[in-house]
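**Student:** Supplied in structure tokens, the structure appears directly below.
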Amino acid sequence: MSSNEIREASLERAKRWPGARYIGSDFLLVESPGQAPFPHNARRTSFILVGLCTHGGASYTVDTEVYHIKAGDVVIISDGHVVDNFAPVDGLDGLCMMLSSDFFGEAISSVADFSQLLLFSRMHPVVSLSAHEMEVFSSYYRLLSDKLGDETSRYRREVARALFLAMFYDMSGVIYRELRDGGRRPSRGQLIFTEFIRLVEAHHRTERRVGWYAMQLCITPKYLSEVVKAVSMVTPSEWIDRYVVLAIRLLLRRSDKTVKEIADDLLFPSQSFMGRFFKEHTGMSPSQFRKER
């Protein structure tokens, strides 16, 4: 099957799963994934999946690489990857979270060294938890499920975002333990990707040229593009755009600056230019987005 024939797995479709709780097309929780109507053909993810297996197990492939999970394992699948051959075994049960990249980015925007998290998710797509870590994950999941189920709450999205960030911090020991003791040394491509993301984190407000980032890394733009796409399934330009869009979203949600002031802060040629850029990536104008906060 060619990449053009691979259909997208979306949160919109997952919202139809039995028992799913969600906020728009940004954040979804579902229990008992073994009962979910998983597609029989390959799908390219358009969201970030974090799941805990509590009983039984499963096998599946990500970009043709085979993975097996058992009770106590956490699964992490980033957006842009091709998932196929999902097969639950021994009465699979668990807790599953799906997040849009925008919601995920907003939730952990205050986390230092995001590049390490990206590298972790690619080097450790399956992580075994201790009994205590499983309890921590499950406790946050229950809290999040309660909040998502309360559709009368005016600040449901904000509470869910804050709870997810707290969960991330509470589970951070797992990440740093695996980075320290995981035994898998990052490849040269993964190291280049990490350094590229670090640079984008620091300079996306002022530098959006792939050539500039390649120059800082002392490699050619073509090589940078090849490496970043191979490691992350996303081009350097798309990564830069993601960070710029996230910066605009955060300023629109968390500041009282006018749209023009935000455009000036991010060095856009004009307010209208930024408006077109933002609408192209989010489907709405900055003013429309701000009204929805």
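Ligands are numbered from 1 in the order shown, chains are lettered A, B, ... in the order of the structure tokens, and residues start at 1 in each chain.
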I want to know what sits within 9 Å of Arg161 in chain A, based on only C-alpha atoms, with residues of the same chain fewer than 5 positions away left out; could you give that as a PyMOL selection string?
**Tutor:** chain A and resi 103-104+106-108+156+166
**Student:** Grab the residues selected above and save them as a JSON list (two decimals), in the first residue's frame with C-alpha atoms.
**Tutor:**
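So the final result, stored in selection11.json, reads:
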[["chain", "number", "residue", "atom", "x", "y", "z"],
["A", 103, "PHE", "CA", -3.74, 20.75, 22.74],
["A", 104, "PHE", "CA", -0.61, 18.83, 23.71],
["A", 106, "GLU", "CA", -0.51, 24.22, 24.81],
["A", 107, "ALA", "CA", -0.60, 21.90, 27.81],
["A", 108, "ILE", "CA", 3.16, 21.45, 28.09],
["A", 156, "ARG", "CA", -13.53, 22.28, 31.33],
["A", 166, "ALA", "CA", 0.24, 17.94, 36.39]]
**Student:** Please identify which residues in range 29-219 of chain A DSSP calls helix (DSSP H, G or I) from the backbone, and express them as a PyMOL selection string.
**Tutor:** chain A and resi 33-35+101-107+114-123+131-149+156-170+172-181+188-203+210-216
**Student:** Would you give me, as a Markdown table, each residue of range 118-156 of chain A having an atom within 12 Å of an atom of range 4-25 of chain A, along with its shortest atom pair and that distance in Å to one decimal, using only C-alpha atoms and sorting by chain and residue number?
**Tutor:**
| residue | atom | partner | partner_atom | distance |
| --- | --- | --- | --- | --- |
| A:Tyr141 | CA | A:Arg21 | CA | 11.4 |
| A:Arg142 | CA | A:Arg21 | CA | 11.5 |
| A:Leu144 | CA | A:Arg21 | CA | 9.5 |
| A:Ser145 | CA | A:Arg21 | CA | 6.9 |
| A:Asp146 | CA | A:Arg21 | CA | 9.2 |
| A:Lys147 | CA | A:Arg21 | CA | 9.4 |
| A:Leu148 | CA | A:Arg21 | CA | 6.0 |
| A:Gly149 | CA | A:Arg21 | CA | 6.3 |
| A:Asp150 | CA | A:Arg21 | CA | 9.8 |
| A:Glu151 | CA | A:Ile23 | CA | 9.0 |
| A:Ser153 | CA | A:Ile23 | CA | 11.6 |
| A:Tyr155 | CA | A:Ile23 | CA | 11.3 |
| A:Arg156 | CA | A:Ile23 | CA | 8.2 |
**Student:** May I have the selected residues written with all heavy atoms, as an mmCIF file, in the first residue's frame?
**Tutor:**
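Result written to part-v7.cif:
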data_model
loop_
_atom_site.group_PDB
_atom_site.id
_atom_site.type_symbol
_atom_site.label_atom_id
_atom_site.label_comp_id
_atom_site.auth_asym_id
_atom_site.auth_seq_id
_atom_site.Cartn_x
_atom_site.Cartn_y
_atom_site.Cartn_z
ATOM 1 N N TYR A 141 -6.058 9.724 35.245
ATOM 2 C CA TYR A 141 -7.026 9.384 34.198
ATOM 3 C C TYR A 141 -8.451 9.525 34.736
ATOM 4 O O TYR A 141 -9.328 10.068 34.051
ATOM 5 C CB TYR A 141 -6.779 7.960 33.696
ATOM 6 C CG TYR A 141 -7.685 7.567 32.550
ATOM 7 C CD1 TYR A 141 -7.256 7.704 31.231
ATOM 8 C CD2 TYR A 141 -8.968 7.070 32.780
ATOM 9 C CE1 TYR A 141 -8.090 7.361 30.187
ATOM 10 C CE2 TYR A 141 -9.804 6.720 31.744
ATOM 11 C CZ TYR A 141 -9.357 6.875 30.437
ATOM 12 O OH TYR A 141 -10.189 6.544 29.393
ATOM 13 N N ARG A 142 -8.700 9.034 35.938
ATOM 14 C CA ARG A 142 -10.041 9.129 36.519
ATOM 15 C C ARG A 142 -10.439 10.588 36.722
ATOM 16 O O ARG A 142 -11.586 10.970 36.450
ATOM 17 C CB ARG A 142 -10.088 8.400 37.865
ATOM 18 C CG ARG A 142 -9.741 6.928 37.810
ATOM 19 C CD ARG A 142 -10.665 6.143 36.905
ATOM 20 N NE ARG A 142 -10.265 4.738 36.819
ATOM 21 C CZ ARG A 142 -10.657 3.915 35.873
ATOM 22 N NH1 ARG A 142 -11.472 4.328 34.925
ATOM 23 N NH2 ARG A 142 -10.239 2.665 35.850
ATOM 24 N N LEU A 144 -9.346 13.186 35.046
ATOM 25 C CA LEU A 144 -9.588 13.754 33.722
ATOM 26 C C LEU A 144 -10.920 13.280 33.154
ATOM 27 O O LEU A 144 -11.670 14.061 32.556
ATOM 28 C CB LEU A 144 -8.438 13.367 32.773
ATOM 29 C CG LEU A 144 -7.143 14.152 32.953
ATOM 30 C CD1 LEU A 144 -5.967 13.426 32.316
ATOM 31 C CD2 LEU A 144 -7.289 15.551 32.351
ATOM 32 N N SER A 145 -11.237 12.010 33.356
ATOM 33 C CA SER A 145 -12.499 11.481 32.857
ATOM 34 C C SER A 145 -13.686 12.189 33.506
ATOM 35 O O SER A 145 -14.671 12.532 32.845
ATOM 36 C CB SER A 145 -12.567 9.977 33.127
ATOM 37 O OG SER A 145 -13.758 9.426 32.594
ATOM 38 N N ASP A 146 -13.593 12.438 34.813
ATOM 39 C CA ASP A 146 -14.657 13.157 35.511
ATOM 40 C C ASP A 146 -14.830 14.565 34.949
ATOM 41 O O ASP A 146 -15.957 15.033 34.742
ATOM 42 C CB ASP A 146 -14.354 13.234 37.008
ATOM 43 C CG ASP A 146 -14.541 11.896 37.713
ATOM 44 O OD1 ASP A 146 -15.181 10.998 37.119
ATOM 45 O OD2 ASP A 146 -14.030 11.755 38.840
ATOM 46 N N LYS A 147 -13.724 15.241 34.709
ATOM 47 C CA LYS A 147 -13.798 16.621 34.225
ATOM 48 C C LYS A 147 -14.320 16.680 32.789
ATOM 49 O O LYS A 147 -15.101 17.575 32.437
ATOM 50 C CB LYS A 147 -12.421 17.287 34.306
ATOM 51 C CG LYS A 147 -11.892 17.433 35.728
ATOM 52 C CD LYS A 147 -12.875 18.161 36.628
ATOM 53 C CE LYS A 147 -12.378 18.246 38.058
ATOM 54 N NZ LYS A 147 -13.385 18.882 38.952
ATOM 55 N N LEU A 148 -13.896 15.749 31.962
ATOM 56 C CA LEU A 148 -14.402 15.734 30.591
ATOM 57 C C LEU A 148 -15.888 15.399 30.556
ATOM 58 O O LEU A 148 -16.608 15.829 29.646
ATOM 59 C CB LEU A 148 -13.614 14.741 29.730
ATOM 60 C CG LEU A 148 -12.469 15.344 28.914
ATOM 61 C CD1 LEU A 148 -11.401 15.913 29.816
ATOM 62 C CD2 LEU A 148 -11.867 14.310 27.970
ATOM 63 N N GLY A 149 -16.350 14.629 31.533
ATOM 64 C CA GLY A 149 -17.759 14.276 31.566
ATOM 65 C C GLY A 149 -18.654 15.387 32.072
ATOM 66 O O GLY A 149 -19.883 15.342 31.879
ATOM 67 N N ASP A 150 -18.061 16.408 32.696
ATOM 68 C CA ASP A 150 -18.842 17.536 33.228
ATOM 69 C C ASP A 150 -18.960 18.629 32.178
ATOM 70 O O ASP A 150 -18.191 19.595 32.171
ATOM 71 C CB ASP A 150 -18.178 18.070 34.497
ATOM 72 C CG ASP A 150 -18.967 19.210 35.133
ATOM 73 O OD1 ASP A 150 -20.119 19.455 34.689
ATOM 74 O OD2 ASP A 150 -18.447 19.841 36.059
ATOM 75 N N GLU A 151 -19.916 18.498 31.283
ATOM 76 C CA GLU A 151 -20.066 19.461 30.192
ATOM 77 C C GLU A 151 -20.643 20.798 30.645
ATOM 78 O O GLU A 151 -20.737 21.738 29.853
ATOM 79 C CB GLU A 151 -20.930 18.850 29.085
ATOM 80 C CG GLU A 151 -20.300 17.618 28.460
ATOM 81 C CD GLU A 151 -21.099 17.084 27.287
ATOM 82 O OE1 GLU A 151 -22.055 17.762 26.857
ATOM 83 O OE2 GLU A 151 -20.767 15.991 26.795
ATOM 84 N N SER A 153 -19.242 22.549 33.033
ATOM 85 C CA SER A 153 -18.121 23.339 33.535
ATOM 86 C C SER A 153 -17.661 24.351 32.497
ATOM 87 O O SER A 153 -17.342 23.995 31.357
ATOM 88 C CB SER A 153 -16.949 22.433 33.912
ATOM 89 O OG SER A 153 -15.809 23.189 34.247
ATOM 90 N N TYR A 155 -14.939 26.029 32.515
ATOM 91 C CA TYR A 155 -13.492 25.966 32.286
ATOM 92 C C TYR A 155 -13.017 24.520 32.117
ATOM 93 O O TYR A 155 -11.909 24.160 32.518
ATOM 94 C CB TYR A 155 -12.752 26.632 33.449
ATOM 95 C CG TYR A 155 -13.062 28.101 33.566
ATOM 96 C CD1 TYR A 155 -13.914 28.574 34.579
ATOM 97 C CD2 TYR A 155 -12.538 29.019 32.664
ATOM 98 C CE1 TYR A 155 -14.207 29.918 34.680
ATOM 99 C CE2 TYR A 155 -12.824 30.361 32.764
ATOM 100 C CZ TYR A 155 -13.667 30.814 33.766
ATOM 101 O OH TYR A 155 -13.965 32.141 33.855
ATOM 102 N N ARG A 156 -13.854 23.704 31.498
ATOM 103 C CA ARG A 156 -13.532 22.282 31.333
ATOM 104 C C ARG A 156 -12.218 22.086 30.577
ATOM 105 O O ARG A 156 -11.369 21.275 30.969
ATOM 106 C CB ARG A 156 -14.680 21.600 30.578
ATOM 107 C CG ARG A 156 -14.602 20.087 30.559
ATOM 108 C CD ARG A 156 -15.950 19.498 30.147
ATOM 109 N NE ARG A 156 -16.321 19.924 28.807
ATOM 110 C CZ ARG A 156 -16.503 19.097 27.773
ATOM 111 N NH1 ARG A 156 -16.348 17.803 27.938
ATOM 112 N NH2 ARG A 156 -16.846 19.546 26.592
#
**Student:** With only C-alpha atoms as the counted atoms, please give the residues lying no more than 10 Å from Thr206 in chain A, apart from itself and same-chain residues fewer than 5 positions off, as a list in words.
**Tutor:**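 Near Thr206 in chain A, the qualifying residues are Val200, Val244, Asp265, Leu266, Leu267 and Phe268 of chain A.
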**Student:** Could the residues in this selection be written to a file with N, CA, C and O atoms, as a short mmCIF file (atom, residue, chain, number, x, y, z; two decimals), in the first residue's frame?
**Tutor:**
data_model
loop_
_atom_site.label_atom_id
_atom_site.label_comp_id
_atom_site.auth_asym_id
_atom_site.auth_seq_id
_atom_site.Cartn_x
_atom_site.Cartn_y
_atom_site.Cartn_z
N VAL A 200 14.77 25.45 17.33
CA VAL A 200 13.44 25.98 16.98
C VAL A 200 12.74 26.52 18.22
O VAL A 200 12.10 27.58 18.18
N VAL A 244 5.43 28.28 15.59
CA VAL A 244 4.92 29.63 15.39
C VAL A 244 3.42 29.67 15.65
O VAL A 244 2.91 30.59 16.32
N ASP A 265 5.14 41.32 17.39
CA ASP A 265 6.04 40.58 18.29
C ASP A 265 6.69 39.40 17.57
O ASP A 265 7.86 39.07 17.83
N LEU A 266 5.94 38.75 16.68
CA LEU A 266 6.45 37.57 15.97
C LEU A 266 7.05 37.91 14.61
O LEU A 266 7.32 37.02 13.81
N LEU A 267 7.25 39.18 14.37
CA LEU A 267 7.95 39.67 13.17
C LEU A 267 7.27 39.28 11.87
O LEU A 267 7.94 39.03 10.86
N PHE A 268 5.92 39.23 11.87
CA PHE A 268 5.21 39.05 10.61
C PHE A 268 5.20 40.37 9.85
O PHE A 268 5.18 41.43 10.47
#
**Student:** Check the DSSP output for the backbone and give back, as a VMD selection string, the residues of range 14-135 of chain A in strand (DSSP E or B).
**Tutor:** chain A and resid 21 to 23 27 to 31 43 to 45 48 to 62 65 to 70 73 to 77 82 to 99 126 to 128
**Student:** Which residue gives the smallest distance to Ser78 in chain A among A:Thr61, A:Met233, A:Arg205, A:Gly189, with only C-alpha atoms counted?
**Tutor:** A:Met233
**Student:** Skipping near chain neighbours, those fewer than 6 positions away, what residues fall within 12 Å of Val234 in chain A using only C-alpha atoms, listed as a list in words?
**Tutor:**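 So the residues in contact are Ser46, Ser78, Asp79, Gly80, His81, Phe193, Ile197, Leu224, Ser225, Glu226, Val227, Val228, Ile240, Asp241 and Arg242 of chain A.
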**Student:** Got a sec: who's within 12 Å of Tyr169 in chain A, counting only C-alpha atoms, leaving out chain neighbours fewer than 4 positions off, as a ChimeraX atom specification?
**Tutor:** /A:107-108,110-112,117,136-137,140,162-165,173-176
**Student:** Taking N, CA, C and O atoms for each residue, export the selection above as a JSON list (two decimals), in the first residue's frame.
**Tutor:**
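Output file selection_28.json follows:
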[["chain", "number", "residue", "atom", "x", "y", "z"],
["A", 107, "ALA", "N", -0.65, 22.45, 26.46],
["A", 107, "ALA", "CA", -0.60, 21.90, 27.81],
["A", 107, "ALA", "C", 0.81, 21.90, 28.38],
["A", 107, "ALA", "O", 1.01, 22.19, 29.56],
["A", 108, "ILE", "N", 1.79, 21.58, 27.56],
["A", 108, "ILE", "CA", 3.16, 21.45, 28.09],
["A", 108, "ILE", "C", 4.07, 22.58, 27.60],
["A", 108, "ILE", "O", 5.29, 22.44, 27.59],
["A", 110, "SER", "N", 5.00, 25.13, 29.02],
["A", 110, "SER", "CA", 5.90, 25.63, 30.07],
["A", 110, "SER", "C", 7.00, 24.63, 30.42],
["A", 110, "SER", "O", 7.87, 24.94, 31.24],
["A", 111, "VAL", "N", 6.96, 23.44, 29.83],
["A", 111, "VAL", "CA", 7.94, 22.40, 30.15],
["A", 111, "VAL", "C", 9.26, 22.71, 29.46],
["A", 111, "VAL", "O", 9.31, 22.93, 28.25],
["A", 112, "ALA", "N", 10.32, 22.73, 30.24],
["A", 112, "ALA", "CA", 11.64, 23.01, 29.67],
["A", 112, "ALA", "C", 12.14, 21.81, 28.85],
["A", 112, "ALA", "O", 11.84, 20.66, 29.16],
["A", 117, "LEU", "N", 11.63, 15.37, 25.34],
["A", 117, "LEU", "CA", 10.37, 14.61, 25.36],
["A", 117, "LEU", "C", 10.09, 14.01, 23.99],
["A", 117, "LEU", "O", 9.66, 12.86, 23.88],
["A", 136, "VAL", "N", -0.59, 6.09, 39.80],
["A", 136, "VAL", "CA", -0.56, 7.53, 39.52],
["A", 136, "VAL", "C", -1.23, 7.83, 38.18],
["A", 136, "VAL", "O", -2.07, 8.73, 38.08],
["A", 137, "PHE", "N", -0.87, 7.07, 37.15],
["A", 137, "PHE", "CA", -1.47, 7.26, 35.83],
["A", 137, "PHE", "C", -2.99, 7.08, 35.92],
["A", 137, "PHE", "O", -3.76, 7.90, 35.40],
["A", 140, "TYR", "N", -4.88, 10.02, 37.72],
["A", 140, "TYR", "CA", -5.06, 11.20, 36.87],
["A", 140, "TYR", "C", -6.08, 10.93, 35.78],
["A", 140, "TYR", "O", -6.89, 11.81, 35.42],
["A", 162, "ALA", "N", -4.70, 21.67, 32.54],
["A", 162, "ALA", "CA", -3.89, 21.77, 33.75],
["A", 162, "ALA", "C", -3.66, 20.41, 34.38],
["A", 162, "ALA", "O", -2.56, 20.10, 34.87],
["A", 163, "LEU", "N", -4.68, 19.56, 34.38],
["A", 163, "LEU", "CA", -4.54, 18.21, 34.94],
["A", 163, "LEU", "C", -3.55, 17.38, 34.13],
["A", 163, "LEU", "O", -2.75, 16.62, 34.69],
["A", 164, "PHE", "N", -3.61, 17.53, 32.80],
["A", 164, "PHE", "CA", -2.68, 16.77, 31.97],
["A", 164, "PHE", "C", -1.24, 17.22, 32.24],
["A", 164, "PHE", "O", -0.32, 16.39, 32.32],
["A", 165, "LEU", "N", -1.03, 18.54, 32.41],
["A", 165, "LEU", "CA", 0.31, 19.03, 32.73],
["A", 165, "LEU", "C", 0.77, 18.48, 34.08],
["A", 165, "LEU", "O", 1.93, 18.06, 34.22],
["A", 173, "GLY", "N", 9.34, 11.24, 36.30],
["A", 173, "GLY", "CA", 10.39, 10.34, 36.76],
["A", 173, "GLY", "C", 10.56, 9.14, 35.85],
["A", 173, "GLY", "O", 11.66, 8.63, 35.67],
["A", 174, "VAL", "N", 9.46, 8.69, 35.24],
["A", 174, "VAL", "CA", 9.52, 7.58, 34.29],
["A", 174, "VAL", "C", 10.38, 7.97, 33.09],
["A", 174, "VAL", "O", 11.23, 7.19, 32.63],
["A", 175, "ILE", "N", 10.15, 9.18, 32.59],
["A", 175, "ILE", "CA", 10.87, 9.64, 31.42],
["A", 175, "ILE", "C", 12.37, 9.71, 31.69],
["A", 175, "ILE", "O", 13.18, 9.17, 30.92],
["A", 176, "TYR", "N", 12.74, 10.33, 32.80],
["A", 176, "TYR", "CA", 14.16, 10.51, 33.06],
["A", 176, "TYR", "C", 14.83, 9.21, 33.46],
["A", 176, "TYR", "O", 16.03, 9.02, 33.20]]
**Student:** Tell me which of A:His281, A:Arg290, A:Arg43, A:Arg198 sits closest to Asp256 in chain A, counting only C-alpha atoms.
**Tutor:**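 Between A:His281, A:Arg290, A:Arg43, A:Arg198, the residue approaching Asp256 in chain A most closely is A:Arg290.
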**Student:** I'd like a table as a tab-separated table: residues in range 37-90 of chain A with an atom no more than 12 Å from range 121-134 of chain A, each row giving the shortest atom pair and its distance in Å to one decimal, only C-alpha atoms counted, sorted by chain and rising residue number.
**Tutor:**
residue	atom	partner	partner_atom	distance
A:Ile48	CA	A:Ser121	CA	10.1
A:Leu49	CA	A:Pro125	CA	10.3
A:Val50	CA	A:Pro125	CA	9.5
A:Gly51	CA	A:Val126	CA	9.6
A:Leu52	CA	A:Met134	CA	7.9
A:Cys53	CA	A:Met134	CA	9.4
A:Thr54	CA	A:Met134	CA	8.4
A:His55	CA	A:Met134	CA	11.9
A:Ala58	CA	A:Val126	CA	11.7
A:Ser59	CA	A:Val126	CA	11.3
A:Tyr60	CA	A:Val126	CA	11.5
A:Thr61	CA	A:Pro125	CA	11.0
A:Val62	CA	A:Pro125	CA	9.3
A:Asp63	CA	A:Arg122	CA	11.6
A:Glu65	CA	A:Pro125	CA	10.9
A:Val66	CA	A:Pro125	CA	11.0
A:Tyr67	CA	A:Val126	CA	7.9
A:His68	CA	A:Val126	CA	8.3
A:Ile69	CA	A:Val126	CA	7.2
A:Lys70	CA	A:Ser128	CA	8.6
A:Ala71	CA	A:Ser128	CA	8.6
A:Gly72	CA	A:Leu129	CA	5.5
A:Asp73	CA	A:Ser128	CA	4.3
A:Val74	CA	A:Val127	CA	5.2
A:Val75	CA	A:Val126	CA	4.7
A:Ile76	CA	A:Pro125	CA	4.9
A:Ile77	CA	A:Pro125	CA	6.4
A:Ser78	CA	A:Ser121	CA	7.2
A:Asp79	CA	A:Ser121	CA	10.8
A:Gly80	CA	A:Arg122	CA	11.9
A:His81	CA	A:Arg122	CA	10.5
**Student:** For CA of Ser139 in chain A and CA of Pro88 in chain A, quote the distance in Å rounded to one decimal.
**Tutor:**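 Rounded to one decimal, the two atoms are 24.1 Å apart.
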**Student:** Please identify all polymer residues within 8 Å of Thr64 in chain A, counting only C-alpha atoms, omitting same-chain residues fewer than 4 positions from it, and present them as a PDB file with N, CA and C atoms, in the first residue's frame.
**Tutor:**
ATOM      1  N   VAL A  82       2.439   5.607  10.885  1.00  0.00           N
ATOM      2  CA  VAL A  82       1.504   4.648  10.299  1.00  0.00           C
ATOM      3  C   VAL A  82       1.374   3.447  11.232  1.00  0.00           C
ATOM      4  N   VAL A  83       0.160   3.242  11.742  1.00  0.00           N
ATOM      5  CA  VAL A  83      -0.125   2.148  12.668  1.00  0.00           C
ATOM      6  C   VAL A  83      -0.925   1.079  11.934  1.00  0.00           C
ATOM      7  N   ASP A  84      -0.558  -0.178  12.142  1.00  0.00           N
ATOM      8  CA  ASP A  84      -1.231  -1.264  11.428  1.00  0.00           C
ATOM      9  C   ASP A  84      -1.154  -2.548  12.263  1.00  0.00           C
TER      10      ASP A  84
END
**Student:** Let me make sure I understand: among A:Phe47, A:Phe38, A:Ser109, A:Leu28, which one has the smallest atom-to-atom distance to Arg254 in chain A if we use only C-alpha atoms?
**Tutor:**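 Closest to Arg254 in chain A, using only C-alpha atoms: A:Ser109.
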**Student:** Just give me the gap between CA of Gln216 in chain A and CA of Glu195 in chain A in Å, one decimal is fine.
**Tutor:**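 That distance, rounded to one decimal, is 9.6 Å.
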